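Q: This one is work.cif, mmCIF, C-alpha atoms and all ligand atoms.
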data_entry
loop_
_atom_site.label_atom_id
_atom_site.label_comp_id
_atom_site.auth_asym_id
_atom_site.auth_seq_id
_atom_site.Cartn_x
_atom_site.Cartn_y
_atom_site.Cartn_z
CA MET A 1 -5.29 22.24 18.07
CA ILE A 2 -8.76 20.78 17.55
CA LYS A 3 -10.49 20.05 20.86
CA LYS A 4 -13.52 17.77 20.96
CA PHE A 5 -16.52 19.15 22.83
CA LEU A 6 -19.54 17.12 21.73
CA ASP A 7 -20.25 13.45 21.06
CA LEU A 8 -23.50 12.83 19.17
CA GLY A 9 -22.93 9.09 18.97
CA SER A 10 -22.97 6.69 16.06
CA GLN A 11 -25.02 8.17 13.21
CA PRO A 12 -26.15 7.04 9.78
CA LEU A 13 -25.77 9.31 6.72
CA ALA A 14 -28.45 11.94 7.24
CA ASN A 15 -29.94 12.16 3.77
CA SER A 16 -29.74 8.42 3.01
CA TYR A 17 -33.45 7.63 3.25
CA ILE A 18 -34.09 3.90 3.11
CA LEU A 19 -36.27 2.05 0.60
CA LYS A 20 -38.60 -0.55 2.08
CA LYS A 21 -36.77 -3.40 0.29
CA ASN A 22 -33.49 -2.30 1.92
CA LEU A 23 -34.74 -2.03 5.49
CA LYS A 24 -32.91 -5.18 6.54
CA LEU A 25 -29.55 -4.11 5.07
CA LYS A 26 -26.86 -2.82 7.39
CA GLU A 27 -26.57 0.96 7.28
CA LYS A 28 -23.28 2.78 7.01
CA LYS A 29 -22.66 4.63 10.28
CA PHE A 30 -20.01 7.01 11.46
CA LYS A 31 -19.03 8.63 14.75
CA LEU A 32 -20.48 12.13 14.95
CA GLU A 33 -18.17 14.20 17.13
CA VAL A 34 -17.71 17.94 17.05
CA GLY A 35 -14.58 19.94 17.82
CA PHE A 36 -13.26 23.48 18.16
CA ASN A 37 -10.02 24.66 16.64
CA ASP A 38 -8.50 27.04 19.15
CA LYS A 39 -6.19 28.61 16.51
CA ASN A 40 -8.70 29.70 13.86
CA PHE A 41 -11.92 29.24 15.93
CA LEU A 42 -13.43 26.87 13.38
CA VAL A 43 -16.06 24.39 14.62
CA SER A 44 -16.18 21.17 12.65
CA ILE A 45 -17.17 17.54 12.83
CA LEU A 46 -14.17 15.32 13.47
CA LYS A 47 -14.85 12.44 11.08
CA THR A 48 -16.03 13.18 7.57
CA VAL A 49 -17.82 11.04 5.00
CA SER A 50 -16.74 11.06 1.33
CA LYS A 51 -18.67 13.57 -0.78
CA GLU A 52 -19.58 10.91 -3.35
CA LYS A 53 -21.46 8.98 -0.64
CA MET A 54 -23.55 12.06 0.22
CA PHE A 55 -24.05 14.10 -2.93
CA ASN A 56 -25.10 11.83 -5.74
CA LYS A 57 -27.93 11.17 -8.18
CA ASP A 58 -30.28 10.24 -5.31
CA TYR A 59 -29.84 13.42 -3.28
CA PRO A 60 -33.27 14.14 -1.78
CA TYR A 61 -33.11 17.75 -0.56
CA LYS A 62 -34.87 20.36 -2.69
CA SER A 63 -34.72 24.06 -1.78
CA SER A 64 -37.99 24.81 -3.55
CA GLU A 65 -39.93 22.58 -1.12
CA SER A 66 -40.46 25.58 1.12
CA ASN A 67 -42.02 28.95 0.40
CA THR A 68 -39.71 30.52 2.99
CA MET A 69 -36.64 29.50 0.96
CA LYS A 70 -38.17 30.45 -2.39
CA GLN A 71 -39.11 33.86 -1.03
CA SER A 72 -35.70 34.38 0.57
CA PHE A 73 -33.92 33.65 -2.75
CA LYS A 74 -36.33 35.87 -4.64
CA ASN A 75 -35.74 38.80 -2.27
CA LEU A 76 -31.99 38.28 -2.40
CA ALA A 77 -31.99 38.21 -6.21
CA LYS A 78 -33.83 41.52 -6.25
CA LYS A 79 -31.29 43.04 -3.83
CA ILE A 80 -28.34 41.68 -5.82
CA LYS A 81 -29.65 43.21 -9.04
CA LYS A 82 -30.11 46.56 -7.34
CA ARG A 83 -26.87 46.67 -5.35
CA PHE A 84 -24.42 44.93 -7.73
CA ASN A 85 -26.10 44.69 -11.14
CA PRO A 86 -24.03 41.60 -12.12
CA LYS A 87 -23.57 40.60 -15.75
CA PHE A 88 -22.47 37.04 -15.09
CA ILE A 89 -23.32 34.98 -11.99
CA ILE A 90 -22.25 31.51 -10.92
CA GLU A 91 -24.16 29.68 -8.24
CA VAL A 92 -22.23 26.93 -6.50
CA GLY A 93 -24.71 24.34 -5.22
CA SER A 94 -27.66 25.47 -7.32
CA ASN A 95 -29.89 22.63 -6.08
CA ASP A 96 -33.24 22.75 -7.94
CA GLY A 97 -32.78 26.35 -9.07
CA ALA A 98 -34.63 28.27 -6.35
CA PHE A 99 -32.02 31.06 -6.66
CA ILE A 100 -30.98 31.04 -10.32
CA LYS A 101 -34.57 30.97 -11.53
CA ASN A 102 -34.79 34.64 -10.51
CA PHE A 103 -32.21 35.65 -13.16
CA ASP A 104 -32.03 35.90 -16.91
CA LYS A 105 -30.85 32.55 -18.37
CA LYS A 106 -28.03 34.28 -20.24
CA LYS A 107 -26.59 35.81 -17.06
CA VAL A 108 -26.35 32.84 -14.74
CA VAL A 109 -24.97 29.31 -14.57
CA GLY A 110 -25.52 26.69 -11.91
CA VAL A 111 -23.09 24.16 -10.47
CA GLU A 112 -24.80 21.16 -8.92
CA PRO A 113 -23.03 17.82 -8.50
CA CYS A 114 -26.27 15.97 -7.70
CA TYR A 115 -27.36 14.81 -11.14
CA ASN A 116 -31.08 14.55 -10.31
CA LEU A 117 -31.17 18.19 -9.21
CA ALA A 118 -28.99 19.49 -12.05
CA GLN A 119 -31.45 17.91 -14.49
CA ILE A 120 -34.26 20.08 -13.09
CA THR A 121 -32.55 23.38 -13.94
CA LYS A 122 -31.14 22.03 -17.22
CA LYS A 123 -34.67 21.18 -18.33
CA LEU A 124 -35.72 24.75 -17.52
CA GLY A 125 -33.03 26.00 -19.89
CA TYR A 126 -30.44 27.10 -17.31
CA LYS A 127 -26.85 26.13 -18.06
CA THR A 128 -25.97 23.76 -15.23
CA TYR A 129 -22.75 21.83 -14.64
CA SER A 130 -23.35 18.58 -12.81
CA GLU A 131 -19.88 18.53 -11.28
CA TYR A 132 -18.14 19.34 -8.01
CA TRP A 133 -16.88 22.91 -7.76
CA GLY A 134 -13.12 23.19 -8.19
CA LEU A 135 -10.36 24.86 -10.20
CA ASN A 136 -10.86 22.83 -13.38
CA LEU A 137 -14.56 23.56 -13.49
CA SER A 138 -14.02 27.21 -12.70
CA LYS A 139 -11.60 27.46 -15.66
CA LYS A 140 -14.13 25.76 -17.92
CA ILE A 141 -17.01 28.05 -16.91
CA THR A 142 -15.07 31.30 -17.20
CA LYS A 143 -13.26 30.63 -20.48
CA ILE A 144 -14.97 33.56 -22.17
CA GLN A 145 -16.06 35.75 -19.31
CA LYS A 146 -15.10 36.04 -15.63
CA ALA A 147 -17.92 36.12 -13.10
CA ASP A 148 -18.77 39.33 -11.31
CA LEU A 149 -20.73 37.46 -8.67
CA ILE A 150 -20.51 33.98 -7.18
CA TYR A 151 -23.26 32.92 -4.82
CA SER A 152 -23.29 29.86 -2.64
CA ALA A 153 -25.83 29.05 0.06
CA ASN A 154 -25.61 26.13 2.44
CA THR A 155 -22.80 24.60 0.43
CA LEU A 156 -19.47 25.81 1.85
CA SER A 157 -20.32 24.07 5.12
CA HIS A 158 -20.54 20.82 3.11
CA ILE A 159 -17.10 21.03 1.46
CA GLU A 160 -13.99 19.87 3.27
CA ASN A 161 -11.25 21.28 1.09
CA PHE A 162 -11.15 25.10 1.38
CA ASN A 163 -8.02 25.24 -0.76
CA GLU A 164 -9.76 23.89 -3.83
CA ILE A 165 -12.88 26.03 -3.28
CA PHE A 166 -11.22 29.38 -2.79
CA ARG A 167 -8.58 28.90 -5.48
CA ALA A 168 -11.44 28.19 -7.86
CA VAL A 169 -13.39 31.23 -6.65
CA ASP A 170 -10.31 33.42 -7.00
CA PHE A 171 -9.80 32.24 -10.56
CA ALA A 172 -13.44 32.62 -11.60
CA LEU A 173 -14.05 36.09 -10.17
CA SER A 174 -13.28 39.28 -12.04
CA LYS A 175 -11.16 41.87 -10.22
CA LYS A 176 -14.19 43.68 -8.88
CA GLY A 177 -16.16 40.46 -8.54
CA ILE A 178 -17.70 39.41 -5.26
CA LEU A 179 -18.54 36.19 -3.49
CA ILE A 180 -21.70 35.88 -1.38
CA LEU A 181 -21.78 32.99 1.06
CA GLU A 182 -24.76 32.04 3.18
CA ASP A 183 -24.56 29.41 5.89
CA PRO A 184 -26.05 28.64 9.32
CA SER A 185 -24.58 30.85 12.02
CA LEU A 186 -22.65 29.21 14.83
CA LEU A 187 -23.80 31.93 17.22
CA LYS A 188 -27.45 31.11 16.49
CA CYS A 189 -26.74 27.40 16.66
CA LEU A 190 -25.26 27.71 20.16
CA LYS A 191 -27.92 30.15 21.36
CA ASN A 192 -30.68 27.76 20.19
CA THR A 193 -28.93 24.59 21.39
CA ALA A 194 -29.49 23.49 17.78
CA TYR A 195 -27.12 20.54 17.96
CA ASP A 196 -28.93 19.07 14.98
CA GLN A 197 -27.06 21.52 12.76
CA PHE A 198 -24.33 18.89 13.03
CA TYR A 199 -24.62 15.91 10.72
CA CYS A 200 -22.44 14.25 8.08
CA GLU A 201 -23.01 16.97 5.45
CA HIS A 202 -22.44 19.87 7.81
CA ILE A 203 -18.71 19.50 8.19
CA TYR A 204 -18.53 23.07 9.50
CA VAL A 205 -20.85 25.48 11.25
CA PHE A 206 -19.20 28.85 10.73
CA SER A 207 -18.73 31.85 12.93
CA THR A 208 -17.66 35.11 11.33
CA LEU A 209 -14.47 34.82 13.36
CA ALA A 210 -13.58 31.48 11.78
CA LEU A 211 -14.61 32.41 8.26
CA LYS A 212 -12.55 35.59 8.44
CA ASN A 213 -9.46 33.55 9.36
CA ILE A 214 -10.04 31.09 6.54
CA LEU A 215 -10.63 33.80 3.95
CA ASN A 216 -7.54 35.62 5.09
CA LYS A 217 -5.37 32.73 3.89
CA PHE A 218 -6.78 33.13 0.39
CA ASN A 219 -6.58 36.93 0.25
CA PHE A 220 -10.31 37.43 0.56
CA GLU A 221 -12.10 39.62 3.09
CA ILE A 222 -15.66 40.09 4.32
CA PHE A 223 -17.00 43.57 3.52
CA ASP A 224 -20.58 43.18 4.71
CA ILE A 225 -22.78 40.79 6.69
CA GLU A 226 -26.52 40.28 6.97
CA ASN A 227 -28.22 38.12 9.58
CA VAL A 228 -30.97 36.14 7.87
CA ASN A 229 -33.65 33.86 9.26
CA THR A 230 -33.20 30.87 6.96
CA HIS A 231 -32.10 27.49 8.31
CA GLY A 232 -32.65 28.52 11.90
CA GLY A 233 -30.53 31.68 11.63
CA SER A 234 -27.84 32.14 9.03
CA ASN A 235 -25.28 34.75 8.06
CA ARG A 236 -24.96 36.11 4.57
CA TYR A 237 -21.35 37.16 3.99
CA PHE A 238 -20.37 39.58 1.23
CA ILE A 239 -16.75 38.88 0.33
CA LYS A 240 -14.23 40.55 -1.97
CA LYS A 241 -10.63 40.06 -3.02
CA ARG A 242 -8.42 41.95 -0.60
CA ASP A 243 -7.00 44.24 -3.30
CA ASN A 244 -10.48 45.18 -4.52
CA ARG A 245 -10.87 48.74 -3.20
CA PHE A 246 -14.23 49.19 -4.84
CA TYR A 247 -16.17 48.20 -1.69
CA LYS A 248 -15.72 49.71 1.76
CA ILE A 249 -15.87 47.43 4.78
CA SER A 250 -19.22 47.95 6.47
CA ALA A 251 -19.51 48.51 10.22
CA ASN A 252 -21.73 45.39 10.28
CA VAL A 253 -18.61 43.22 10.09
CA LYS A 254 -17.07 44.57 13.28
CA LYS A 255 -20.45 44.49 15.00
CA GLU A 256 -20.97 40.81 14.21
CA ILE A 257 -17.47 39.88 15.33
CA SER A 258 -17.92 41.78 18.61
CA LYS A 259 -21.21 39.97 19.19
CA GLU A 260 -19.47 36.63 18.70
CA ILE A 261 -16.56 37.49 20.99
CA ARG A 262 -18.97 38.73 23.68
CA PHE A 263 -20.84 35.42 23.52
CA GLY A 264 -17.55 33.58 23.97
CA LEU A 265 -17.01 31.99 20.56
CA LYS A 266 -13.24 32.24 21.04
CA LYS A 267 -13.32 30.29 24.30
CA PHE A 268 -13.43 26.51 24.63
CA SER A 269 -15.47 26.81 27.84
CA THR A 270 -18.41 28.15 25.75
CA TYR A 271 -18.46 24.93 23.76
CA LYS A 272 -18.22 22.73 26.85
CA ASN A 273 -21.18 24.65 28.19
CA PHE A 274 -23.03 23.94 24.93
CA GLU A 275 -22.34 20.23 25.48
CA LYS A 276 -24.11 20.44 28.86
CA LYS A 277 -27.07 22.15 27.26
CA VAL A 278 -27.27 19.45 24.57
CA LEU A 279 -27.31 16.68 27.19
CA ASN A 280 -30.08 18.53 29.00
CA SER A 281 -32.02 19.02 25.76
CA LYS A 282 -31.91 15.27 25.10
CA LYS A 283 -33.10 14.49 28.63
CA LYS A 284 -36.00 16.94 28.39
CA LEU A 285 -37.13 15.77 24.95
CA LEU A 286 -37.19 12.15 26.09
CA GLN A 287 -39.17 13.11 29.21
CA ILE A 288 -41.78 14.88 27.08
CA ILE A 289 -42.14 11.95 24.70
CA LYS A 290 -42.37 9.46 27.58
CA LYS A 291 -45.10 11.51 29.24
CA LEU A 292 -47.14 11.67 26.05
CA LYS A 293 -46.69 7.97 25.36
CA ASN A 294 -47.78 7.14 28.91
CA LYS A 295 -51.00 8.96 28.10
CA LYS A 296 -51.30 6.78 24.95
CA LEU A 297 -51.15 9.81 22.69
CA LYS A 298 -50.18 9.45 19.05
CA ILE A 299 -47.09 11.40 17.98
CA ILE A 300 -46.05 11.94 14.38
CA GLY A 301 -43.16 13.92 12.89
CA TYR A 302 -43.37 16.88 10.51
CA GLY A 303 -40.50 17.47 8.05
CA ALA A 304 -38.16 14.48 7.69
CA THR A 305 -35.11 16.72 7.80
CA ALA A 306 -31.45 15.79 7.89
CA LYS A 307 -31.47 17.59 11.23
CA SER A 308 -34.08 15.17 12.62
CA CYS A 309 -31.75 12.32 11.80
CA THR A 310 -29.23 13.68 14.32
CA VAL A 311 -31.91 14.23 16.98
CA LEU A 312 -33.62 10.85 16.59
CA ASN A 313 -30.40 8.86 16.56
CA TYR A 314 -28.72 10.82 19.34
CA CYS A 315 -31.75 10.60 21.60
CA GLY A 316 -32.66 7.04 20.62
CA ILE A 317 -36.15 7.99 19.45
CA GLY A 318 -37.75 5.40 17.19
CA LYS A 319 -40.93 3.87 15.78
CA GLN A 320 -42.16 3.11 19.28
CA ASP A 321 -42.30 6.88 19.90
CA ILE A 322 -43.12 8.49 16.55
CA ASP A 323 -45.56 6.62 14.29
CA TYR A 324 -44.42 8.25 11.05
CA PHE A 325 -43.16 11.52 9.55
CA LEU A 326 -44.95 13.70 7.00
CA ASP A 327 -42.96 15.38 4.25
CA THR A 328 -43.71 17.08 0.94
CA THR A 329 -40.50 15.94 -0.82
CA SER A 330 -41.29 13.32 -3.46
CA TYR A 331 -37.85 11.62 -3.12
CA LYS A 332 -38.46 10.99 0.59
CA ILE A 333 -42.05 9.73 0.49
CA ASN A 334 -42.57 6.01 1.33
CA LYS A 335 -38.96 5.72 2.42
CA PHE A 336 -37.67 5.39 5.98
CA LEU A 337 -35.55 7.76 8.05
CA PRO A 338 -31.95 6.57 8.41
CA GLY A 339 -31.18 4.89 11.72
CA SER A 340 -34.56 5.24 13.38
CA LYS A 341 -36.29 3.65 10.36
CA ILE A 342 -39.46 5.67 10.86
CA LEU A 343 -41.70 5.71 7.77
CA ILE A 344 -42.10 8.97 5.81
CA LYS A 345 -45.60 9.53 4.44
CA LYS A 346 -46.80 11.97 1.84
CA TYR A 347 -47.83 15.24 3.46
CA LYS A 348 -51.47 15.93 4.06
CA LYS A 349 -52.95 18.66 6.22
CA LEU A 350 -52.84 17.86 9.93
CA SER A 351 -56.07 16.85 11.60
CA LEU A 352 -56.91 15.95 15.19
CA ASN A 353 -58.68 12.87 13.80
CA ASN A 354 -55.32 11.39 12.84
CA VAL A 355 -52.86 12.68 15.38
CA ASP A 356 -52.52 14.18 18.86
CA VAL A 357 -49.04 15.72 18.94
CA VAL A 358 -46.59 16.59 16.16
CA TYR A 359 -42.80 16.60 16.52
CA LEU A 360 -41.47 19.51 14.49
CA GLY A 361 -38.53 18.10 12.53
CA ALA A 362 -38.44 21.16 10.27
CA TRP A 363 -38.32 23.62 13.19
CA ASN A 364 -36.52 26.11 10.96
CA PHE A 365 -39.81 26.47 9.01
CA LYS A 366 -41.97 26.85 12.11
CA ASP A 367 -43.67 30.06 10.94
CA GLU A 368 -44.49 28.66 7.50
CA ILE A 369 -45.75 25.38 8.96
CA PHE A 370 -47.81 26.99 11.72
CA LYS A 371 -49.48 29.19 9.13
CA LYS A 372 -50.31 26.13 7.04
CA GLU A 373 -51.64 24.18 10.03
CA LYS A 374 -53.65 27.02 11.56
CA LYS A 375 -56.82 24.93 11.72
CA PHE A 376 -55.10 22.06 13.58
CA ILE A 377 -53.57 24.53 16.05
CA ASN A 378 -56.84 26.43 16.57
CA GLU A 379 -58.62 23.17 17.32
CA GLY A 380 -56.08 22.37 20.05
CA GLY A 381 -53.42 20.45 18.07
CA LYS A 382 -49.99 20.53 19.75
CA PHE A 383 -46.40 20.48 18.53
CA ILE A 384 -43.19 19.37 20.24
CA THR A 385 -40.10 21.36 19.43
CA HIS A 386 -36.62 20.97 20.88
CA ILE A 387 -35.56 24.50 19.83
CA PRO A 388 -34.40 26.41 21.84
CA LEU A 389 -35.53 24.05 24.64
CA PRO A 390 -37.72 20.95 24.37
CA LYS A 391 -41.31 21.91 25.02
CA ILE A 392 -44.88 21.39 23.86
CA ILE A 393 -46.41 24.34 22.06
P1 LIG B 401 -34.66 21.48 5.93
O1 LIG B 401 -34.92 21.77 7.33
O2 LIG B 401 -34.55 22.61 5.05
O3 LIG B 401 -33.30 20.79 5.76
P2 LIG B 401 -32.35 19.73 6.35
O4 LIG B 401 -32.82 18.46 5.71
O5 LIG B 401 -31.13 20.29 5.77
O6 LIG B 401 -32.31 19.64 7.84
O7 LIG B 401 -35.73 20.45 5.35
C1 LIG B 401 -37.07 20.72 5.43
C2 LIG B 401 -37.86 19.47 5.19
O8 LIG B 401 -39.19 19.69 5.60
C3 LIG B 401 -37.92 19.06 3.73
O9 LIG B 401 -37.84 17.67 3.64
C4 LIG B 401 -39.30 19.52 3.28
C5 LIG B 401 -40.09 19.43 4.54
N1 LIG B 401 -41.22 20.38 4.62
C6 LIG B 401 -42.52 19.90 4.61
O10 LIG B 401 -42.73 18.69 4.50
N2 LIG B 401 -43.55 20.81 4.70
C7 LIG B 401 -43.34 22.13 4.80
O11 LIG B 401 -44.30 22.91 4.88
C8 LIG B 401 -42.00 22.61 4.82
C9 LIG B 401 -41.72 24.07 4.94
C10 LIG B 401 -40.96 21.70 4.73
#
Here is the file; what I need is its structure written in the form of structure tokens.

A:
Amino acid sequence: MIKKFLDLGSQPLANSYILKKNLKLKEKKFKLEVGFNDKNFLVSILKTVSKEKMFNKDYPYKSSESNTMKQSFKNLAKKIKKRFNPKFIIEVGSNDGAFIKNFDKKKVVGVEPCYNLAQITKKLGYKTYSEYWGLNLSKKITKIQKADLIYSANTLSHIENFNEIFRAVDFALSKKGILILEDPSLLKCLKNTAYDQFYCEHIYVFSTLALKNILNKFNFEIFDIENVNTHGGSNRYFIKKRDNRFYKISANVKKEISKEIRFGLKKFSTYKNFEKKVLNSKKKLLQIIKKLKNKKLKIIGYGATAKSCTVLNYCGIGKQDIDYFLDTTSYKINKFLPGSKILIKKYKKLSLNNVDVVYLGAWNFKDEIFKKEKKFINEGGKFITHIPLPKII
């Protein structure tokens, strides 16, 4: 049974940035509620939005916008070559190529349903299918050769139908082939009170416990896990077909599962407790903003993330609180954040001449951003973050 534990209110589609000429149009909204399945321990949003409404030719998110992500993919590619030496790789959700660019063009293909992004890697000479991943596509790609590695980061959490995904993976992989999945970790999400990991595209936030149960149905099993820092704390799962005896199951798997059970990820009470923490987080963030506004200080946002969309709309933060957001992504610049309708301006280095306090929308890139804005920080510039608790830093 799926039990609801969190209500994040009525929300617009997180990556649907608004053009100035459309500001008066009514936005599509949906009820963002989160639930826990007490049978397989899966945490998911209760109402989903059709994939065509979210992942289309206007999709604004680009992995290569951040050095942290580029570096993470580069390091992973190096590790993959050393540990698995794959001859043919498929990346599902190849975005703008931050991962596949680290491989020989003959050895890798990308799958990216967002046409604008697929064009980027196509132009670079990488074979890219601008289609949704599924059995038909998997048959088409592996007509001549089966894949010995399928990689997918921050994509499985976006896809509702596991049946289609894993049947396609099963078909595409060679006998010894492996699947590497990387997605935000539920354990980290709860520990950080990162309720903004929930938005229309993040249908699921996985625990190892839940993923193991899902994989089990499709005769796959996890043989290794790495905790990685990307997207506020993610897990990288190394998965094989159950009858593939080539890889031993690492002790890391048991360790991770024990950690999750100890934290209470099997118990509904843990999620109800998270709800309380989220309510408190909202209260504290609003108090901080009110205090700063009472002092007539100017607040701007940094990183117009999909995550910020959840925070702004759930907390009711708007133009009266945050003057504008800065972002480096060309598709977002001069558009407005969904719901709150706060303007997104082209990034330029922070300066105390222009701003007093900065709300960190891209909190998952805190280290990278703080490095970049060293001068602003050294001169006394302040940030607001809501992770793990709202505070000024
Ligand atoms: P991200 O947090 O990865 O994703 P999501 O939208 O899934 O919540 O998005 C990071 C955003 O922050 C992206 O729009 C690029 C922007 N950004 C900057 O503007 N400057 C930076 O230095 C970094 C690292 C990111």

Q: I want to know what sits within 12 Å of A:Leu46, based on all atoms listed in the file, with residues of the same chain fewer than 3 positions away left out; could you give that as an NGL selection string?

A: :A and (2-8 or 30-37 or 42-43 or 49 or 160 or 198-200 or 202-204)

Q: As an exercise, work out the distance from atom CA of A:Lys188 to atom CA of A:Phe218 in Å and give it to one decimal place.

A: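 Computed distance, atom CA of A:Lys188 to atom CA of A:Phe218, equals 26.3 Å.
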
Q: For A:Pro60, which residue among A:Cys114, A:Ile369, A:Ile222, A:Ala98 is the nearest when counting only C-alpha atoms?

A: A:Cys114

Q: Kindly indicate which residue among A:Glu52, A:Glu275, A:Glu226, A:Asp243 lies nearest to A:Glu256, using all atoms listed in the file for the distances.

A: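 Distance minimum relative to A:Glu256 lands on A:Glu226.
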
Q: Taking all atoms of ligand LIG 401 (chain B) that appear in the file, build a box with edges along x, y and z, extend it by 3 Å on every side, and state its centre and edge lengths in Å to one decimal, as lines of an AutoDock Vina configuration file.

A:
center_x = -37.7
center_y = 20.9
center_z = 5.6
size_x = 19.2
size_y = 12.4
size_z = 10.6

Q: Could you check which of A:Lys335, A:Lys78, A:Lys105, A:Lys62 is closest to ligand LIG 401 (chain B), using only C-alpha atoms and all ligand atoms?

A: A:Lys62

Q: Could you please determine the separation between atom CA of A:Ser269 and atom CA of A:Asn40 in Å, to one decimal place?

A: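 The value is 15.8 Å.
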
Q: Mind checking which residues fall within 10 Å of A:Asp224, counting only C-alpha atoms, ignoring those fewer than 2 positions away in the same chain, and posting them as an MDAnalysis selection string?

A: chainID A and resid 180 221:222 226 236:240 247:254 256
